[in-house]
Structures are given as structure tokens and as C-alpha cells.
file my_file.cif (mmCIF, C-alpha atoms)
data_upload
loop_
_atom_site.label_atom_id
_atom_site.label_comp_id
_atom_site.auth_asym_id
_atom_site.auth_seq_id
_atom_site.Cartn_x
_atom_site.Cartn_y
_atom_site.Cartn_z
CA MET D 1 111.05 37.45 55.36
CA GLY D 2 108.17 38.39 57.66
CA LYS D 3 105.31 40.70 56.82
CA PRO D 4 106.22 44.38 57.47
CA PHE D 5 104.69 45.95 60.57
CA ASP D 6 101.82 48.34 59.70
CA VAL D 7 102.37 51.22 62.16
CA SER D 8 99.43 53.31 60.93
CA LYS D 9 96.98 50.41 61.37
CA PHE D 10 98.31 49.71 64.88
CA ARG D 11 97.98 53.40 65.77
CA LYS D 12 94.34 53.49 64.66
CA GLU D 13 93.46 50.27 66.47
CA ILE D 14 95.06 51.25 69.77
CA THR D 15 93.51 54.74 69.64
CA LYS D 16 90.04 53.20 69.20
CA SER D 17 90.51 50.60 71.93
CA ILE D 18 91.79 52.95 74.66
CA ASP D 19 89.62 55.99 75.44
CA GLY D 20 91.57 59.20 76.01
CA LEU D 21 94.86 57.80 74.76
CA SER D 22 97.36 60.44 73.66
CA ILE D 23 99.82 59.44 70.93
CA GLY D 24 103.11 61.21 70.33
CA PHE D 25 104.97 63.81 72.39
CA ASN D 26 103.37 66.52 74.52
CA ASP D 27 106.22 69.00 74.92
CA PRO D 28 104.98 72.29 76.42
CA THR D 29 104.24 75.06 73.92
CA ASP D 30 102.84 77.64 76.38
CA TRP D 31 104.89 78.97 79.29
CA ILE D 32 103.84 81.50 81.94
CA SER D 33 106.43 83.72 83.62
CA THR D 34 106.74 83.70 87.42
CA GLY D 35 107.53 87.41 87.23
CA ASN D 36 111.20 86.80 88.00
CA PHE D 37 113.90 86.15 85.38
CA ALA D 38 116.20 84.17 87.69
CA LEU D 39 113.43 81.87 88.94
CA ASN D 40 112.20 81.36 85.38
CA TYR D 41 115.70 80.28 84.32
CA LEU D 42 116.08 77.79 87.19
CA ILE D 43 112.71 76.20 86.35
CA SER D 44 112.86 76.13 82.54
CA GLY D 45 116.38 77.03 81.44
CA ASP D 46 114.99 80.20 79.81
CA TRP D 47 114.86 83.73 81.25
CA ASN D 48 111.29 84.38 80.08
CA ARG D 49 109.69 80.95 80.52
CA GLY D 50 108.30 80.09 83.92
CA ILE D 51 105.79 77.27 84.35
CA PRO D 52 104.28 75.30 81.43
CA LEU D 53 100.72 74.42 80.52
CA GLY D 54 100.08 70.68 80.22
CA LYS D 55 101.91 70.04 83.50
CA VAL D 56 101.44 70.29 87.28
CA THR D 57 103.67 72.72 89.22
CA VAL D 58 103.90 72.96 93.01
CA PHE D 59 105.29 75.89 95.03
CA ALA D 60 105.77 74.81 98.65
CA GLY D 61 107.08 76.81 101.58
CA ASP D 62 106.67 78.56 104.92
CA SER D 63 103.65 80.70 105.67
CA GLY D 64 104.34 84.14 104.25
CA ALA D 65 107.21 82.95 102.01
CA GLY D 66 105.64 84.50 98.90
CA LYS D 67 103.87 81.44 97.43
CA SER D 68 100.55 83.20 96.89
CA TYR D 69 102.31 86.34 95.68
CA ILE D 70 103.97 84.36 92.88
CA CYS D 71 101.20 81.84 92.09
CA SER D 72 97.92 83.70 92.68
CA GLY D 73 99.46 87.05 91.78
CA ASN D 74 102.29 87.05 89.23
CA ILE D 75 101.50 83.80 87.42
CA VAL D 76 97.77 84.56 87.19
CA LYS D 77 98.44 88.11 85.90
CA ASN D 78 100.94 86.89 83.31
CA ALA D 79 98.63 84.06 82.22
CA GLN D 80 95.80 86.54 81.66
CA GLU D 81 98.10 88.78 79.59
CA GLN D 82 98.69 85.76 77.31
CA GLY D 83 94.95 85.19 76.87
CA ILE D 84 94.86 82.20 79.22
CA PHE D 85 91.68 81.85 81.30
CA VAL D 86 92.34 81.23 85.00
CA VAL D 87 90.32 79.14 87.46
CA LEU D 88 91.53 80.17 90.93
CA ILE D 89 90.56 77.75 93.71
CA ASP D 90 90.96 79.30 97.17
CA SER D 91 90.93 76.77 100.03
CA GLU D 92 92.21 79.24 102.64
CA ASN D 93 89.58 81.96 102.20
CA ALA D 94 92.51 84.38 102.03
CA LEU D 95 92.57 85.77 98.47
CA ASP D 96 90.83 89.13 98.67
CA GLU D 97 89.84 90.89 95.45
CA ASN D 98 91.61 94.15 96.38
CA TRP D 99 94.86 92.23 97.06
CA LEU D 100 94.64 90.44 93.70
CA LYS D 101 93.91 93.71 91.86
CA ALA D 102 96.91 95.35 93.57
CA LEU D 103 99.08 92.61 92.02
CA GLY D 104 97.68 93.31 88.55
CA VAL D 105 95.16 90.43 88.40
CA ASP D 106 92.04 91.06 86.31
CA THR D 107 89.15 89.80 88.47
CA SER D 108 86.45 90.25 85.81
CA ASP D 109 84.33 87.19 84.97
CA SER D 110 85.72 86.99 81.43
CA LYS D 111 89.29 86.53 82.72
CA LEU D 112 88.98 84.79 86.09
CA LEU D 113 86.74 82.25 87.81
CA LYS D 114 87.31 82.42 91.57
CA LEU D 115 86.07 79.39 93.55
CA SER D 116 86.21 78.83 97.30
CA MET D 117 86.49 75.12 98.14
CA ALA D 118 87.51 73.20 101.23
CA MET D 119 87.17 69.57 100.10
CA ILE D 120 89.67 67.65 97.97
CA ASP D 121 86.78 65.66 96.48
CA ASP D 122 85.07 68.86 95.28
CA VAL D 123 88.28 70.10 93.62
CA ALA D 124 88.75 66.75 91.88
CA LYS D 125 85.12 66.69 90.69
CA THR D 126 85.36 70.27 89.40
CA ILE D 127 88.50 69.57 87.36
CA SER D 128 87.21 66.22 86.11
CA THR D 129 83.88 67.72 84.98
CA PHE D 130 85.66 70.60 83.26
CA MET D 131 88.04 68.27 81.40
CA SER D 132 85.18 66.03 80.26
CA ASP D 133 83.41 69.02 78.67
CA TYR D 134 86.73 70.45 77.42
CA LYS D 135 87.68 67.28 75.52
CA ALA D 136 84.27 67.26 73.81
CA LEU D 137 84.97 70.66 72.20
CA PRO D 138 86.36 70.80 68.64
CA ASP D 139 90.14 71.30 68.54
CA GLY D 140 89.94 74.93 67.42
CA ASP D 141 87.41 75.89 70.12
CA ARG D 142 89.41 74.78 73.15
CA PRO D 143 90.66 77.77 75.17
CA LYS D 144 93.92 77.71 77.13
CA VAL D 145 93.18 77.33 80.84
CA LEU D 146 95.24 77.47 84.02
CA PHE D 147 93.96 76.05 87.31
CA VAL D 148 95.52 77.51 90.47
CA ILE D 149 94.94 75.84 93.85
CA ASP D 150 95.95 77.95 96.86
CA SER D 151 96.56 75.80 98.79
CA LEU D 152 96.68 71.99 98.75
CA GLY D 153 97.60 71.85 102.44
CA MET D 154 94.32 73.40 103.61
CA LEU D 155 92.08 71.05 101.63
CA LEU D 156 90.04 68.60 103.72
CA THR D 157 88.98 64.98 103.29
CA PRO D 158 85.50 63.74 104.26
CA THR D 159 87.15 61.96 107.19
CA ASP D 160 88.47 65.30 108.49
CA VAL D 161 84.96 66.79 108.45
CA ASN D 162 83.24 63.75 109.95
CA GLN D 163 85.75 63.52 112.78
CA PHE D 164 85.44 67.24 113.53
CA ASP D 165 81.64 66.96 113.65
CA ALA D 166 82.00 64.03 116.06
CA GLY D 167 84.55 65.84 118.22
CA ASP D 168 87.22 63.30 117.27
CA MET D 169 90.51 65.03 116.41
CA LYS D 170 92.82 62.05 115.83
CA GLY D 171 93.36 62.93 112.14
CA ASP D 172 92.35 61.32 108.87
CA MET D 173 94.59 58.26 109.29
CA GLY D 174 96.70 58.93 106.19
CA ARG D 175 93.83 59.40 103.75
CA LYS D 176 94.79 62.97 102.79
CA PRO D 177 98.21 62.11 101.27
CA LYS D 178 96.55 59.40 99.16
CA ALA D 179 93.82 61.82 98.05
CA LEU D 180 96.37 64.52 97.11
CA THR D 181 98.45 61.99 95.17
CA SER D 182 95.36 60.83 93.30
CA LEU D 183 94.36 64.43 92.50
CA VAL D 184 97.77 65.40 91.11
CA ARG D 185 98.34 62.12 89.25
CA ASN D 186 94.97 62.35 87.50
CA CYS D 187 95.57 66.00 86.57
CA VAL D 188 98.96 65.12 85.05
CA ASN D 189 97.31 62.44 82.92
CA MET D 190 94.33 64.62 81.91
CA PHE D 191 96.28 67.78 81.02
CA GLY D 192 99.23 66.36 79.08
CA ALA D 193 97.82 66.59 75.56
CA TYR D 194 95.86 69.84 76.10
CA GLY D 195 96.43 73.53 76.77
CA VAL D 196 95.49 73.16 80.42
CA GLY D 197 97.83 73.42 83.41
CA LEU D 198 97.75 73.34 87.21
CA VAL D 199 99.75 75.38 89.72
CA CYS D 200 99.42 74.61 93.44
CA THR D 201 100.78 76.02 96.65
CA ASN D 202 101.48 73.86 99.68
CA HIS D 203 103.04 74.10 103.11
CA THR D 204 106.36 72.81 104.41
CA TYR D 205 107.64 71.81 107.83
CA ALA D 206 111.15 71.69 109.25
CA SER D 207 113.12 68.50 108.67
CA GLN D 208 114.07 66.40 111.70
CA ASP D 209 116.66 64.45 109.68
CA MET D 210 120.21 65.76 110.15
CA PHE D 211 121.31 63.96 106.98
CA ASP D 212 118.52 65.54 104.91
CA PRO D 213 118.09 69.09 106.24
CA ASP D 214 115.82 70.45 103.48
CA ASP D 215 112.31 71.36 104.62
CA LYS D 216 109.72 68.65 104.04
CA ILE D 217 106.57 69.28 102.00
CA SER D 218 103.32 68.37 103.76
CA GLY D 219 100.93 65.83 102.26
CA GLY D 220 103.37 62.99 101.69
CA GLN D 221 105.76 62.20 98.86
CA GLY D 222 103.27 60.65 96.43
CA PHE D 223 102.01 63.85 94.83
CA ILE D 224 105.58 65.23 94.70
CA TYR D 225 106.56 62.25 92.53
CA ALA D 226 103.54 62.90 90.31
CA SER D 227 104.21 66.64 89.91
CA SER D 228 106.23 67.92 86.96
CA ILE D 229 107.90 70.86 88.74
CA VAL D 230 108.43 71.45 92.47
CA VAL D 231 109.78 74.71 93.91
CA ALA D 232 110.56 74.91 97.64
CA MET D 233 110.41 78.38 99.23
CA LYS D 234 111.80 79.63 102.52
CA LYS D 235 110.91 82.90 104.24
CA MET D 236 113.66 85.25 105.45
CA LYS D 237 113.58 88.88 106.57
CA LEU D 238 114.48 91.69 104.17
CA LYS D 239 116.33 94.40 106.12
CA GLU D 240 117.17 96.84 103.33
CA ASP D 241 115.92 100.25 102.26
CA GLU D 242 114.91 101.11 98.68
CA ASP D 243 118.55 101.84 97.79
CA GLY D 244 119.75 98.44 99.00
CA ASN D 245 121.36 99.77 102.20
CA LYS D 246 121.17 97.59 105.29
CA VAL D 247 118.74 98.81 107.98
CA SER D 248 117.44 97.43 111.28
CA GLU D 249 113.72 97.30 110.44
CA VAL D 250 112.09 94.63 108.31
CA ASN D 251 110.91 96.11 104.99
CA GLY D 252 109.86 92.92 103.23
CA ILE D 253 110.79 89.29 102.77
CA ARG D 254 113.61 87.44 101.09
CA ALA D 255 112.14 84.33 99.48
CA GLY D 256 114.72 81.60 99.17
CA CYS D 257 113.59 79.54 96.15
CA LYS D 258 115.09 76.13 95.38
CA VAL D 259 113.88 74.14 92.36
CA MET D 260 113.62 70.62 93.80
CA LYS D 261 112.27 69.01 90.64
CA THR D 262 112.24 70.02 86.98
CA ARG D 263 112.71 68.28 83.64
CA TYR D 264 113.76 71.45 81.84
CA ALA D 265 116.85 72.59 83.76
CA LYS D 266 119.35 71.41 86.35
CA PRO D 267 117.47 70.68 89.62
CA PHE D 268 118.46 71.66 93.18
CA GLU D 269 119.64 75.13 92.20
CA GLY D 270 118.36 78.13 94.13
CA VAL D 271 118.02 81.90 94.18
CA GLN D 272 117.01 84.49 96.77
CA VAL D 273 114.24 86.79 95.58
CA LYS D 274 113.53 90.07 97.39
CA ILE D 275 109.89 91.11 97.85
CA PRO D 276 109.75 94.59 99.46
CA TYR D 277 106.42 95.47 101.09
CA THR D 278 106.18 98.84 99.31
CA THR D 279 107.23 98.06 95.73
CA GLY D 280 106.76 94.30 95.34
CA MET D 281 109.22 91.99 93.59
CA SER D 282 111.45 93.26 90.82
CA PRO D 283 111.71 90.83 87.89
CA TYR D 284 115.50 91.33 88.11
CA SER D 285 115.73 90.37 91.80
CA GLY D 286 118.31 87.64 92.41
CA LEU D 287 119.53 87.78 88.81
CA THR D 288 122.90 89.39 89.59
CA ASP D 289 123.74 86.66 92.12
CA LEU D 290 122.65 83.94 89.69
CA ILE D 291 124.70 85.14 86.72
CA GLU D 292 127.70 85.67 89.00
CA LYS D 293 127.31 82.08 90.24
CA LYS D 294 127.15 80.97 86.59
CA GLY D 295 130.52 82.62 86.00
CA LEU D 296 129.12 85.27 83.65
CA LEU D 297 130.10 88.10 86.00
CA LYS D 298 133.71 88.39 87.19
CA ARG D 299 134.83 90.32 90.23
CA GLU D 300 137.33 93.08 89.57
CA GLY D 301 138.07 95.10 92.70
CA ASN D 302 134.74 96.48 93.98
CA SER D 303 133.08 96.00 90.60
CA LEU D 304 131.56 93.17 88.58
CA VAL D 305 132.56 92.80 84.95
CA PHE D 306 130.77 91.15 82.02
CA THR D 307 132.32 90.63 78.61
CA THR D 308 129.86 90.18 75.75
CA SER D 309 130.34 87.67 72.94
CA GLU D 310 131.44 90.59 70.74
CA GLY D 311 134.10 91.65 73.25
CA GLU D 312 132.28 94.63 74.78
CA ILE D 313 133.14 95.09 78.48
CA ILE D 314 130.49 96.20 80.98
CA LYS D 315 131.88 97.16 84.39
CA LYS D 316 129.65 98.35 87.25
CA PHE D 317 129.32 98.25 91.02
CA ARG D 318 127.06 95.50 92.41
CA LYS D 319 124.22 97.90 93.28
CA ALA D 320 124.23 99.20 89.71
CA TRP D 321 123.98 95.64 88.39
CA GLU D 322 121.14 94.83 90.81
CA ALA D 323 119.28 97.97 89.70
CA ASN D 324 119.78 97.01 86.01
CA THR D 325 121.41 100.38 85.37
CA ASP D 326 121.59 101.16 81.63
CA GLY D 327 119.89 97.78 80.99
CA CYS D 328 123.07 95.89 81.93
CA LEU D 329 121.19 92.76 83.04
CA ASP D 330 119.08 92.80 79.88
CA THR D 331 122.33 92.81 77.89
CA VAL D 332 123.62 89.76 79.78
CA MET D 333 120.38 87.81 79.28
CA LYS D 334 120.25 88.62 75.57
CA ASP D 335 123.94 87.86 75.02
CA PHE D 336 123.83 84.64 77.03
CA GLY D 337 120.77 83.53 75.07
CA ASN D 338 122.63 84.12 71.81
CA GLN D 339 125.63 82.14 73.07
CA LYS D 340 123.34 79.21 74.02
CA ALA D 341 121.78 79.31 70.54
CA GLU D 342 125.22 79.15 68.92
CA VAL D 343 126.20 76.16 71.04
CA SER D 344 122.97 74.31 70.25
CA ASN D 345 123.25 75.01 66.49
CA PRO D 346 126.96 74.47 65.65
CA GLU D 347 126.25 73.69 61.97
CA GLU D 348 124.43 77.00 61.46
CA THR D 349 127.26 78.86 63.17
CA ALA D 350 129.84 77.12 60.92
CA ASP D 351 127.87 78.01 57.77
CA GLU D 352 127.86 81.66 58.75
#

call {"tool": "encode", "arguments": {"input": "my_file.cif", "output": "C-alpha cells"}}
result
Amino acid sequence: MGKPFDVSKFRKEITKSIDGLSIGFNDPTDWISTGNFALNYLISGDWNRGIPLGKVTVFAGDSGAGKSYICSGNIVKNAQEQGIFVVLIDSENALDENWLKALGVDTSDSKLLKLSMAMIDDVAKTISTFMSDYKALPDGDRPKVLFVIDSLGMLLTPTDVNQFDAGDMKGDMGRKPKALTSLVRNCVNMFGAYGVGLVCTNHTYASQDMFDPDDKISGGQGFIYASSIVVAMKKMKLKEDEDGNKVSEVNGIRAGCKVMKTRYAKPFEGVQVKIPYTTGMSPYSGLTDLIEKKGLLKREGNSLVFTTSEGEIIKKFRKAWEANTDGCLDTVMKDFGNQKAEVSNPEETADE
């Protein structure tokens, strides 16, 4: 019989020989809400969990589709409320302090570091330098940090700048997609074992392929493969008043969100989120449609009906559901969460 394999010795040897090696699993422990229950659920499978630390998340879409609203606004605000320090990298010179404050973002130096950068190389160097110093800190002294890049699409390569200075506008010959892929891939590898995450926005363009009609994300496919979560967003007009009645004027946007990639829920599911200009996005927006699609709400005449796990019946008109009248949507989320827990723990349920 052969000599038994010494796992602990092998673990020590391989850890010493490979610098920065992470052993074991790095499942996310910190999640930041997008500010919308339905979108959270499609990304993570949980109403309250949005995007995780330790991973790279990309929100891509049309100009004005609500990417910055969700990423530089809601996600930053919710991260700060959880004690997570935010490094906000603005490549578009478009994130004004008054706009961020209006969305609830704390712009004080102790909560937010706002950087304006145009070059991919500078972003990569900034993150790399930070992570080098971060890893050198004792375990208990490492803060939780979220990097936000708004946006990847506006970042430049040295070739872009040199050609512009020379009056040569033929493009960077494919160097930008490679640089973006390298940036995202390195961030994924650096962040995995630590309480650090990255959220990026990017642009999309219309597909020319009739067999694949989804909008295409700029910058090539490489960094999409490297990203942990990808959400595609499409801008549509919101022609409703505050009571949900149809009107002729445009009072906001409807952001069509489709989760193209996630490891925590079923991909390629979508939701339409309403963002009125006057009030901003309700966290319940799109939730009624989602739970109806899930079969939790049943149509009964002009009403929608939900039956709780204890047999209680909640019957309301659609507008009442969408307004979360009497906390009806909260009841569904809580009850559905309990049902999921019972399914995932059948032994505990049997013991009870």
C-alpha cells in the first residue's frame, strides 16, 4: 500500500511557491443592492442582494438607459450605507457632485474617492497599486472597497491619444478590446479572495445579425467572458403620470434590464424598471410583472391574486399591487423567501 498523501504539506508548499495564490472557495459574503428588488432577484436569486464584492459586474446599455443612475447612484449609496468605501472613476467627466448628492451619495472624503481618468493604463495602474498595498495590510485592517468605473467605453488607449495628436483617426487597430479584457481579467483574479469589487458601465450598439438580435456590447467579447455578471439595459420612453395613467408626454425612462450572465440565478431573464424624472426609481418597480411571470400572481377578472403559504388570499387591482398598497409586495417577497427556505431544507421542515 502506498504512502498516504499529505494534503496539509502540499497546501503549504504550493502556497509558498506561488505568490498570491488563493486556496479554497471565495463565495461572496457581501452584496450591494441595485435599489430594485426585481433586478436584485434576477442577478442573485435574492430580493435584497444585488451585486457581490469579490467579483466584476458590468451594466451595458444605450446612452441614457439608467446605467449611471443604478451604478454611480444607487449602488454607490447602498455600498456606503453598508460601510463600504467607494472609489468612483469617471471617464466621461459627467458625474457632477450635485447629481450624486441628489441620488443620496455621500461625497465626503471619508466615504468616496472620486477620480477623473481617461486612460485604461491609468485605471489599471491605480487598481494594481491599491491592491498591492491592500494585500500588505493585516487581515483585520482591510476595509471593504468597491471600485466603480463609469464608463469603460470612454476609456482611451495610448494609441488613441497618439493618433489624435498626429491627426490620424483610423482607430486603435483593436488594441482597446485587448486592454479592456486584460483590465477585467486581472481585476477578477485580484479581487476574488478579498472584500473588493468592481462595477463598470459600458455602451452597446444595435445588432446587425438577424439571428442574434440582442444589442452588442462595445469593447469586444473578451472582457464579457471575464466578467462575473453582465446586465444589458435598453432605453424606452415612460409615458405615464404619477398615478400610472398613460399620457402623451415623456415623464421618464423605462429601462429594460436583461441579465445576460450570472452564476447566481437563471440568466437571460429580464424586467422593465421605471425611472420617472421627478421621483426616481421605486425599489418595487417591475416587481409585479416579475412575480406574475413567476406564477406567484394569478389573474382573476380585473384583479391579481396571491395566496400565501398559510392560505391567506390577497386580491388587488394591478395598480394597487404596483404601488405596494398595504405592503402586498413585501408580503409576497417574504412568503416566497420562506417557501424557498423550506424547499432547500426539507429535513428541517420534516422535523418540525

call {"tool": "resolve_selection", "arguments": {"input": "my_file.cif", "expression": "the PyMOL selection byres ((chain D and resi 91-107) around 10)", "output": "MDAnalysis selection string"}}
result
chainID D and resid 68:70 72:81 86 88:90 108:120 123 149:156 280

call {"tool": "write_last_selection", "arguments": {"input": "my_file.cif", "atoms": "C-alpha atoms", "output": "short mmCIF file (atom, residue, chain, number, x, y, z; two decimals), in the coordinates of the input"}}
result
data_model
loop_
_atom_site.label_atom_id
_atom_site.label_comp_id
_atom_site.auth_asym_id
_atom_site.auth_seq_id
_atom_site.Cartn_x
_atom_site.Cartn_y
_atom_site.Cartn_z
CA SER D 68 100.55 83.20 96.89
CA TYR D 69 102.31 86.34 95.68
CA ILE D 70 103.97 84.36 92.88
CA SER D 72 97.92 83.70 92.68
CA GLY D 73 99.46 87.05 91.78
CA ASN D 74 102.29 87.05 89.23
CA ILE D 75 101.50 83.80 87.42
CA VAL D 76 97.77 84.56 87.19
CA LYS D 77 98.44 88.11 85.90
CA ASN D 78 100.94 86.89 83.31
CA ALA D 79 98.63 84.06 82.22
CA GLN D 80 95.80 86.54 81.66
CA GLU D 81 98.10 88.78 79.59
CA VAL D 86 92.34 81.23 85.00
CA LEU D 88 91.53 80.17 90.93
CA ILE D 89 90.56 77.75 93.71
CA ASP D 90 90.96 79.30 97.17
CA SER D 108 86.45 90.25 85.81
CA ASP D 109 84.33 87.19 84.97
CA SER D 110 85.72 86.99 81.43
CA LYS D 111 89.29 86.53 82.72
CA LEU D 112 88.98 84.79 86.09
CA LEU D 113 86.74 82.25 87.81
CA LYS D 114 87.31 82.42 91.57
CA LEU D 115 86.07 79.39 93.55
CA SER D 116 86.21 78.83 97.30
CA MET D 117 86.49 75.12 98.14
CA ALA D 118 87.51 73.20 101.23
CA MET D 119 87.17 69.57 100.10
CA ILE D 120 89.67 67.65 97.97
CA VAL D 123 88.28 70.10 93.62
CA ILE D 149 94.94 75.84 93.85
CA ASP D 150 95.95 77.95 96.86
CA SER D 151 96.56 75.80 98.79
CA LEU D 152 96.68 71.99 98.75
CA GLY D 153 97.60 71.85 102.44
CA MET D 154 94.32 73.40 103.61
CA LEU D 155 92.08 71.05 101.63
CA LEU D 156 90.04 68.60 103.72
CA GLY D 280 106.76 94.30 95.34
#

call {"tool": "atom_distance", "arguments": {"input": "my_file.cif", "atom1": "CA of Ile32 in chain D", "atom2": "CA of Lys135 in chain D"}}
result
22.5 Å

call {"tool": "resolve_selection", "arguments": {"input": "my_file.cif", "expression": "the PyMOL selection byres ((chain D and resi 235) around 8)", "output": "PyMOL selection string"}}
result
chain D and resi 61-66+233-234+236-237+253-256

call {"tool": "residues_around", "arguments": {"input": "my_file.cif", "residues": "range 187-201 of chain D", "least_positions_apart": "2", "cutoff": "6 Å", "atoms": "only C-alpha atoms", "output": "PyMOL selection string"}}
result
chain D and resi 26+53-60+144-151+184-185

call {"tool": "closest_residue", "arguments": {"input": "my_file.cif", "among": "D:Asn251, D:Gln272, D:Gln82, D:Asn245", "to": "Phe37 in chain D", "atoms": "all atoms listed in the file"}}
result
D:Gln272

call {"tool": "resolve_selection", "arguments": {"input": "my_file.cif", "expression": "the PyMOL selection byres ((chain D and resi 294-298) around 12)", "output": "JSON, numbers by chain"}}
result
{"D": [38, 41, 42, 269, 270, 271, 287, 288, 289, 290, 291, 292, 293, 299, 300, 301, 302, 303, 304, 305, 306, 307, 308, 309, 313, 314, 315, 316, 317, 318, 321, 328, 329, 331, 332, 333, 335, 336, 339]}

call {"tool": "write_last_selection", "arguments": {"input": "my_file.cif", "atoms": "C-alpha atoms", "output": "PDB file, in the coordinates of the input"}}
result
ATOM      1  CA  ALA D  38     116.200  84.170  87.690  1.00  0.00           C
ATOM      2  CA  TYR D  41     115.700  80.280  84.320  1.00  0.00           C
ATOM      3  CA  LEU D  42     116.080  77.790  87.190  1.00  0.00           C
ATOM      4  CA  GLU D 269     119.640  75.130  92.200  1.00  0.00           C
ATOM      5  CA  GLY D 270     118.360  78.130  94.130  1.00  0.00           C
ATOM      6  CA  VAL D 271     118.020  81.900  94.180  1.00  0.00           C
ATOM      7  CA  LEU D 287     119.530  87.780  88.810  1.00  0.00           C
ATOM      8  CA  THR D 288     122.900  89.390  89.590  1.00  0.00           C
ATOM      9  CA  ASP D 289     123.740  86.660  92.120  1.00  0.00           C
ATOM     10  CA  LEU D 290     122.650  83.940  89.690  1.00  0.00           C
ATOM     11  CA  ILE D 291     124.700  85.140  86.720  1.00  0.00           C
ATOM     12  CA  GLU D 292     127.700  85.670  89.000  1.00  0.00           C
ATOM     13  CA  LYS D 293     127.310  82.080  90.240  1.00  0.00           C
ATOM     14  CA  ARG D 299     134.830  90.320  90.230  1.00  0.00           C
ATOM     15  CA  GLU D 300     137.330  93.080  89.570  1.00  0.00           C
ATOM     16  CA  GLY D 301     138.070  95.100  92.700  1.00  0.00           C
ATOM     17  CA  ASN D 302     134.740  96.480  93.980  1.00  0.00           C
ATOM     18  CA  SER D 303     133.080  96.000  90.600  1.00  0.00           C
ATOM     19  CA  LEU D 304     131.560  93.170  88.580  1.00  0.00           C
ATOM     20  CA  VAL D 305     132.560  92.800  84.950  1.00  0.00           C
ATOM     21  CA  PHE D 306     130.770  91.150  82.020  1.00  0.00           C
ATOM     22  CA  THR D 307     132.320  90.630  78.610  1.00  0.00           C
ATOM     23  CA  THR D 308     129.860  90.180  75.750  1.00  0.00           C
ATOM     24  CA  SER D 309     130.340  87.670  72.940  1.00  0.00           C
ATOM     25  CA  ILE D 313     133.140  95.090  78.480  1.00  0.00           C
ATOM     26  CA  ILE D 314     130.490  96.200  80.980  1.00  0.00           C
ATOM     27  CA  LYS D 315     131.880  97.160  84.390  1.00  0.00           C
ATOM     28  CA  LYS D 316     129.650  98.350  87.250  1.00  0.00           C
ATOM     29  CA  PHE D 317     129.320  98.250  91.020  1.00  0.00           C
ATOM     30  CA  ARG D 318     127.060  95.500  92.410  1.00  0.00           C
ATOM     31  CA  TRP D 321     123.980  95.640  88.390  1.00  0.00           C
ATOM     32  CA  CYS D 328     123.070  95.890  81.930  1.00  0.00           C
ATOM     33  CA  LEU D 329     121.190  92.760  83.040  1.00  0.00           C
ATOM     34  CA  THR D 331     122.330  92.810  77.890  1.00  0.00           C
ATOM     35  CA  VAL D 332     123.620  89.760  79.780  1.00  0.00           C
ATOM     36  CA  MET D 333     120.380  87.810  79.280  1.00  0.00           C
ATOM     37  CA  ASP D 335     123.940  87.860  75.020  1.00  0.00           C
ATOM     38  CA  PHE D 336     123.830  84.640  77.030  1.00  0.00           C
ATOM     39  CA  GLN D 339     125.630  82.140  73.070  1.00  0.00           C
TER      40      GLN D 339
END

call {"tool": "closest_residue", "arguments": {"input": "my_file.cif", "among": "D:Ala232, D:Ala265, D:Ala179, D:Val259", "to": "Lys67 in chain D", "atoms": "all atoms listed in the file"}}
result
D:Ala232

call {"tool": "decode", "arguments": {"input": "my_file.cif", "residues": "range 323-335 of chain D", "atoms": "C-alpha atoms", "output": "mmCIF file, in the first residue's frame"}}
result
data_model
loop_
_atom_site.group_PDB
_atom_site.id
_atom_site.type_symbol
_atom_site.label_atom_id
_atom_site.label_comp_id
_atom_site.auth_asym_id
_atom_site.auth_seq_id
_atom_site.Cartn_x
_atom_site.Cartn_y
_atom_site.Cartn_z
ATOM 1 C CA ALA D 323 -47.974 50.768 -5.605
ATOM 2 C CA ASN D 324 -47.337 48.105 -2.907
ATOM 3 C CA THR D 325 -50.621 49.032 -1.239
ATOM 4 C CA ASP D 326 -50.816 47.669 2.326
ATOM 5 C CA GLY D 327 -47.331 46.174 1.796
ATOM 6 C CA CYS D 328 -48.720 43.497 -0.540
ATOM 7 C CA LEU D 329 -45.443 43.094 -2.459
ATOM 8 C CA ASP D 330 -43.479 42.883 0.785
ATOM 9 C CA THR D 331 -45.772 40.025 1.818
ATOM 10 C CA VAL D 332 -45.088 38.161 -1.440
ATOM 11 C CA MET D 333 -41.307 38.574 -1.138
ATOM 12 C CA LYS D 334 -41.292 37.432 2.485
ATOM 13 C CA ASP D 335 -43.603 34.484 1.826
#
